[in-house]
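Text of structure.cif (mmCIF, C-alpha atoms) as supplied:
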data_data
loop_
_atom_site.label_atom_id
_atom_site.label_comp_id
_atom_site.auth_asym_id
_atom_site.auth_seq_id
_atom_site.Cartn_x
_atom_site.Cartn_y
_atom_site.Cartn_z
CA MET A 59 244.39 167.64 -80.97
CA PRO A 60 240.72 168.38 -81.83
CA ASP A 61 239.83 168.55 -85.52
CA GLU A 62 239.20 172.19 -86.46
CA THR A 63 236.65 171.15 -89.08
CA ASN A 64 234.74 169.14 -86.52
CA GLN A 65 234.91 172.03 -84.09
CA HIS A 66 233.33 174.29 -86.66
CA GLN A 67 230.51 171.78 -87.21
CA GLN A 68 229.83 171.73 -83.47
CA THR A 69 229.87 175.52 -83.18
CA PRO A 70 226.46 177.02 -82.32
CA SER A 71 224.44 178.10 -85.34
CA VAL A 72 223.60 181.75 -85.84
CA GLU A 73 219.90 182.46 -85.65
CA GLU A 74 217.89 184.66 -88.00
CA ASP A 75 218.12 187.47 -85.43
CA PRO A 76 221.54 186.83 -83.83
CA THR A 77 222.52 188.17 -80.44
CA TYR A 78 225.86 189.56 -79.34
CA PHE A 79 226.60 186.48 -77.25
CA GLU A 80 225.54 183.99 -79.92
CA LEU A 81 227.99 185.60 -82.32
CA HIS A 82 230.79 185.39 -79.76
CA ALA A 83 230.03 181.73 -79.11
CA TYR A 84 230.16 181.10 -82.86
CA SER A 85 233.42 182.94 -83.52
CA GLY A 86 235.15 182.06 -80.26
CA ALA A 87 235.87 185.70 -79.41
CA THR A 88 236.06 187.32 -75.99
CA LYS A 89 235.71 191.08 -75.85
CA HIS A 90 235.67 193.68 -73.13
CA MET A 91 236.71 197.30 -72.87
CA GLY A 92 240.39 197.83 -72.19
CA GLY A 93 241.49 194.62 -73.86
CA LEU A 94 244.32 192.48 -72.54
CA SER A 95 246.02 195.40 -70.82
CA THR A 96 243.24 195.52 -68.22
CA THR A 97 243.55 191.79 -67.59
CA LYS A 98 247.27 192.24 -66.99
CA GLU A 99 246.53 195.01 -64.51
CA LEU A 100 244.11 192.79 -62.62
CA ILE A 101 246.65 189.95 -62.54
CA GLU A 102 249.14 192.32 -60.94
CA LEU A 103 246.63 193.87 -58.54
CA CYS A 104 245.33 190.50 -57.38
CA GLY A 105 248.83 189.04 -56.97
CA MET A 106 248.19 185.91 -59.03
CA ASP A 107 250.89 183.23 -59.12
CA GLU A 108 251.20 179.44 -59.23
CA ARG A 109 249.67 179.16 -55.73
CA THR A 110 246.50 181.06 -56.65
CA TYR A 111 243.14 179.43 -57.30
CA VAL A 112 241.09 181.73 -59.55
CA LEU A 113 237.40 181.72 -60.38
CA GLU A 114 236.67 183.45 -63.69
CA VAL A 115 232.99 184.31 -63.86
CA GLY A 116 231.62 184.64 -67.39
CA CYS A 117 234.58 182.86 -68.96
CA GLY A 118 233.06 182.79 -72.45
CA THR A 119 235.15 180.62 -74.74
CA GLY A 120 237.99 180.50 -72.22
CA ALA A 121 240.60 182.84 -73.71
CA THR A 122 241.32 184.63 -70.43
CA SER A 123 241.32 181.45 -68.32
CA ARG A 124 243.92 179.93 -70.62
CA TYR A 125 245.96 183.13 -70.57
CA LEU A 126 245.93 183.24 -66.76
CA ALA A 127 247.16 179.65 -66.49
CA LYS A 128 249.94 180.18 -69.02
CA LYS A 129 250.98 183.59 -67.69
CA THR A 130 250.97 182.91 -63.94
CA GLY A 131 250.78 179.13 -63.54
CA CYS A 132 247.64 179.51 -61.41
CA ARG A 133 244.71 177.10 -61.31
CA VAL A 134 241.51 178.41 -62.88
CA MET A 135 237.86 177.44 -62.68
CA GLY A 136 235.92 179.16 -65.44
CA VAL A 137 232.13 179.34 -65.37
CA ASP A 138 229.62 180.59 -67.90
CA ILE A 139 225.86 180.41 -68.09
CA ARG A 140 225.99 179.21 -71.71
CA ALA A 141 226.83 175.55 -72.34
CA SER A 142 228.05 176.41 -75.86
CA MET A 143 230.71 178.70 -74.38
CA VAL A 144 231.85 176.08 -71.87
CA GLU A 145 232.17 173.45 -74.60
CA ARG A 146 234.35 175.72 -76.71
CA ALA A 147 236.43 176.74 -73.69
CA THR A 148 237.12 173.12 -72.75
CA GLU A 149 238.19 172.24 -76.30
CA ARG A 150 240.56 175.18 -76.51
CA ALA A 151 242.11 174.54 -73.09
CA THR A 152 242.88 170.97 -74.14
CA ARG A 153 244.43 172.16 -77.37
CA ALA A 154 246.50 174.75 -75.48
CA ARG A 155 247.74 172.01 -73.11
CA VAL A 156 246.54 173.72 -69.95
CA GLY A 157 243.75 171.25 -69.20
CA ASP A 158 245.55 170.14 -66.02
CA ARG A 159 245.20 173.64 -64.56
CA VAL A 160 241.97 174.92 -66.12
CA ASN A 161 238.45 173.55 -65.75
CA PHE A 162 235.10 174.85 -66.93
CA ARG A 163 231.49 174.31 -65.95
CA VAL A 164 228.08 175.80 -66.59
CA ALA A 165 226.97 178.04 -63.72
CA ASP A 166 224.87 181.12 -62.95
CA ALA A 167 226.81 184.03 -61.43
CA THR A 168 223.95 184.71 -59.00
CA ASP A 169 223.98 181.11 -57.68
CA LEU A 170 227.53 179.76 -57.86
CA PRO A 171 227.86 175.99 -57.20
CA PHE A 172 230.88 176.28 -54.88
CA GLU A 173 231.39 176.16 -51.15
CA ASP A 174 232.16 179.27 -49.14
CA ALA A 175 235.79 180.47 -49.11
CA THR A 176 236.95 178.32 -52.06
CA PHE A 177 238.93 180.77 -54.22
CA ASP A 178 241.84 183.15 -53.72
CA VAL A 179 240.70 185.45 -56.54
CA VAL A 180 237.41 186.02 -58.35
CA LEU A 181 237.97 187.67 -61.74
CA VAL A 182 235.04 189.15 -63.65
CA GLU A 183 235.45 191.13 -66.86
CA SER A 184 232.46 192.79 -68.53
CA VAL A 185 229.99 190.26 -67.15
CA THR A 186 228.24 191.71 -64.10
CA THR A 187 227.14 194.66 -66.24
CA PHE A 188 224.81 192.29 -68.10
CA ILE A 189 223.26 190.81 -64.94
CA GLU A 190 219.99 192.25 -63.69
CA ASP A 191 220.54 191.33 -60.03
CA LYS A 192 224.07 192.67 -59.63
CA SER A 193 223.84 192.64 -55.85
CA ALA A 194 223.18 188.89 -55.81
CA ALA A 195 226.10 188.24 -58.18
CA ILE A 196 228.62 190.28 -56.21
CA GLY A 197 227.35 188.70 -53.01
CA GLU A 198 228.20 185.32 -54.53
CA TYR A 199 231.67 186.52 -55.58
CA ALA A 200 232.32 187.53 -51.97
CA ARG A 201 230.86 184.32 -50.53
CA VAL A 202 233.13 181.94 -52.48
CA LEU A 203 236.21 184.08 -51.78
CA LYS A 204 238.71 183.12 -49.08
CA PRO A 205 239.41 185.64 -46.30
CA GLY A 206 242.10 188.00 -47.57
CA GLY A 207 241.26 187.18 -51.19
CA CYS A 208 240.12 189.72 -53.77
CA VAL A 209 237.47 190.30 -56.38
CA GLY A 210 238.83 191.98 -59.52
CA LEU A 211 236.27 193.60 -61.81
CA ASN A 212 236.38 195.28 -65.20
CA GLU A 213 232.87 196.57 -65.84
CA GLU A 214 231.11 199.18 -67.95
CA ILE A 215 230.15 202.52 -66.37
CA TRP A 216 228.43 205.77 -67.23
CA HIS A 217 230.97 208.56 -66.88
CA LYS A 218 228.13 211.05 -66.54
CA THR A 219 224.41 210.77 -66.18
CA PRO A 220 221.83 210.78 -67.49
CA PRO A 221 223.08 209.45 -70.84
CA PRO A 222 221.13 210.36 -73.97
CA LEU A 223 218.40 207.87 -74.85
CA GLU A 224 220.06 207.22 -78.23
CA ILE A 225 223.23 205.98 -76.47
CA VAL A 226 221.29 203.83 -74.00
CA GLU A 227 219.36 202.21 -76.86
CA TYR A 228 222.52 201.68 -78.91
CA ALA A 229 224.22 199.87 -76.00
CA ALA A 230 221.14 197.71 -75.47
CA GLN A 231 220.91 196.77 -79.16
CA THR A 232 224.60 196.38 -80.01
CA TRP A 233 225.97 194.69 -76.89
CA ASP A 234 222.73 193.25 -75.48
CA VAL A 235 223.06 195.37 -72.36
CA GLN A 236 219.48 195.02 -71.14
CA ALA A 237 220.38 195.47 -67.46
CA LYS A 238 221.17 198.81 -65.86
CA ILE A 239 224.66 200.22 -66.44
CA LEU A 240 226.03 201.70 -63.22
CA THR A 241 228.18 204.70 -62.39
CA LEU A 242 231.53 204.18 -60.66
CA ASP A 243 229.91 205.08 -57.33
CA GLY A 244 227.23 202.48 -57.97
CA TRP A 245 229.81 199.70 -58.35
CA VAL A 246 231.68 200.84 -55.23
CA GLU A 247 228.46 200.77 -53.23
CA LEU A 248 227.68 197.20 -54.35
CA LEU A 249 231.15 195.97 -53.40
CA LYS A 250 230.89 197.58 -49.97
CA ASP A 251 227.39 196.19 -49.43
CA SER A 252 228.76 192.67 -50.03
CA GLY A 253 231.26 193.15 -47.20
CA LEU A 254 234.32 193.82 -49.38
CA ILE A 255 236.89 196.53 -48.73
CA VAL A 256 237.30 198.61 -51.90
CA GLU A 257 241.01 199.05 -52.63
CA LEU A 258 240.68 200.36 -56.20
CA ALA A 259 237.97 202.13 -58.18
CA SER A 260 239.56 203.50 -61.34
CA PRO A 261 237.39 204.90 -64.18
CA ARG A 262 238.76 204.52 -67.70
CA ARG A 263 238.00 205.98 -71.12
CA TYR A 264 237.51 203.53 -73.95
CA GLY A 265 240.06 203.64 -76.77
CA PRO A 266 239.58 201.43 -79.86
CA LEU A 267 243.35 200.84 -80.13
CA THR A 268 243.22 198.65 -77.00
CA ASP A 269 241.32 196.06 -79.04
CA PHE A 270 244.54 195.19 -80.86
CA SER A 271 246.04 193.87 -77.61
CA GLU A 272 243.66 190.92 -77.82
CA LEU A 273 245.95 189.12 -80.27
CA ALA A 274 248.24 188.22 -77.35
CA ARG A 275 245.28 186.88 -75.35
CA TYR A 276 244.31 184.42 -78.06
CA GLY A 277 247.54 183.54 -79.76
CA CYS A 278 247.96 183.73 -83.52
CA ARG A 279 246.18 180.47 -84.35
CA ASP A 280 243.01 181.22 -82.39
CA PHE A 281 242.96 184.83 -83.60
CA LEU A 282 243.08 183.68 -87.23
CA THR A 283 240.33 181.14 -86.52
CA ILE A 284 238.12 183.87 -85.05
CA LEU A 285 238.82 186.13 -88.02
CA GLY A 286 238.13 183.33 -90.49
CA ARG A 287 234.82 182.39 -88.87
CA SER A 288 233.72 186.02 -88.79
CA LEU A 289 234.53 186.52 -92.48
CA ARG A 290 232.83 183.25 -93.39
CA LEU A 291 229.75 184.28 -91.48
CA TYR A 292 229.66 187.67 -93.17
CA CYS A 293 229.82 186.02 -96.59
CA THR A 294 227.22 183.33 -95.90
CA SER A 295 224.72 184.82 -93.45
CA PRO A 296 222.31 187.60 -94.50
CA ALA A 297 221.27 187.84 -90.84
CA PHE A 298 224.83 188.64 -89.78
CA ARG A 299 225.25 191.25 -92.53
CA LYS A 300 221.99 192.86 -91.38
CA TYR A 301 223.28 192.77 -87.79
CA MET A 302 226.51 194.53 -88.76
CA ARG A 303 224.79 197.16 -90.93
CA GLY A 304 222.57 198.12 -88.01
CA ARG A 305 225.61 198.79 -85.83
CA ARG A 306 227.89 200.76 -88.13
CA ARG A 307 227.14 204.26 -86.90
CA LEU A 308 228.16 205.10 -83.37
CA PRO A 309 226.01 207.73 -81.65
CA LYS A 310 227.81 211.06 -81.38
CA GLY A 311 229.67 211.43 -78.09
CA ILE A 312 229.11 207.84 -76.96
CA TRP A 313 232.55 207.52 -75.34
CA ASP A 314 232.00 210.72 -73.38
CA TYR A 315 229.27 208.84 -71.54
CA LEU A 316 230.11 205.13 -71.79
CA GLY A 317 233.35 203.76 -70.39
CA TYR A 318 234.63 201.15 -67.99
CA ALA A 319 236.27 200.84 -64.61
CA LEU A 320 238.71 198.57 -62.84
CA LEU A 321 237.64 197.73 -59.30
CA LEU A 322 239.30 195.66 -56.60
CA GLY A 323 237.48 194.46 -53.49
CA ARG A 324 239.27 192.67 -50.66
CA LYS A 325 237.58 190.26 -48.23
#
Please go through the file and, once you have read it, give me the structure as structure tokens.
Amino acid sequence: MPDETNQHQQTPSVEEDPTYFELHAYSGATKHMGGLSTTKELIELCGMDERTYVLEVGCGTGATSRYLAKKTGCRVMGVDIRASMVERATERATRARVGDRVNFRVADATDLPFEDATFDVVLVESVTTFIEDKSAAIGEYARVLKPGGCVGLNEEIWHKTPPPLEIVEYAAQTWDVQAKILTLDGWVELLKDSGLIVELASPRRYGPLTDFSELARYGCRDFLTILGRSLRLYCTSPAFRKYMRGRRRLPKGIWDYLGYALLLGRK
């Protein structure tokens, strides 16, 4: 079992001007709208079981990949563009004793290092939103998918447009969303353009209470570790305290505009 103290020493440092993803790599958290309940929906919609080979794009620190393996018995390949995330994910999979079914590697979503028709399911949760060339990414999801397989997405959307500039700027600053956020119709069009048949396109409203479902994704030990690292960082890092102070006030009406959607595309 890896030494927790040693893990903390190997955790990426937080820079003077930390980013959303650096903080997640440090704490070990994975966050997307809808919480674990949306992941459970996608598991059901995609029909995952012990025979399924899943590619999780943007796996972060591996919480969902581990959950999939434990919940369904499937095999999972998790990829992330950040080596720090992949290192943490590999450590945690070993500790969770699912290393025989879960692997991780560094990869770019727009240039996946896999042969055509490799996976039964491609699962992507709050990742493609952050990618500038969304068409290239979804094209890659479709390419590595077996015939009859499905792409399951949980991605941010604008419920109505145009959103106020204050809300656009808040999303860019708080969640590092520098790429364009799409409408539901925009996501459907991209899936169709990649040759996928759209079987589900369901817009959802964000509710903060769904965040509490994440405890089951992590397990008690990992959740307490994430909480402890976050509190430690708040106490020791002026940069992190400045980061949090700048994000306390939500723009009025933000959730009237910003939400998420579950989408399912079949090859």
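Using only C-alpha atoms, the nearest neighbour of Ala229 (chain A) within the list A:Ala127, A:Ile215, A:Ala175, A:Val160 is A:Ile215.
Proximity of A:Glu214, A:Glu183, A:Asp158, A:Asp251 to Gly197 (chain A), computed with only C-alpha atoms, is greatest for A:Asp251.
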- prompt: Taking the file as shown, what set of residues would the PyMOL selection byres ((chain A and resi 102) around 12) give back, as a PyMOL selection string?
  reply: chain A and resi 95-101+103-107+126+129-130+179+208+210+322
With a cut-off of 8 Å, could you pull out the residues of region 176-208 of chain A touching region 114-121 of chain A and give me the nearest pair of atoms for each, distance in Å to one decimal, using all atoms listed in the file, ordered by chain and ascending number, as a Markdown table?
| residue | atom | partner | partner_atom | distance |
| --- | --- | --- | --- | --- |
| A:Val180 | CA | A:Glu114 | CA | 6.0 |
| A:Leu181 | CA | A:Glu114 | CA | 4.8 |
| A:Val182 | CA | A:Val115 | CA | 5.3 |
| A:Glu183 | CA | A:Gly116 | CA | 7.6 |
| A:Val185 | CA | A:Gly116 | CA | 5.9 |
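Proximity of A:Val137, A:Leu223, A:Ala147, A:Ala154 to Ile312 (chain A), computed with only C-alpha atoms, is greatest for A:Leu223.
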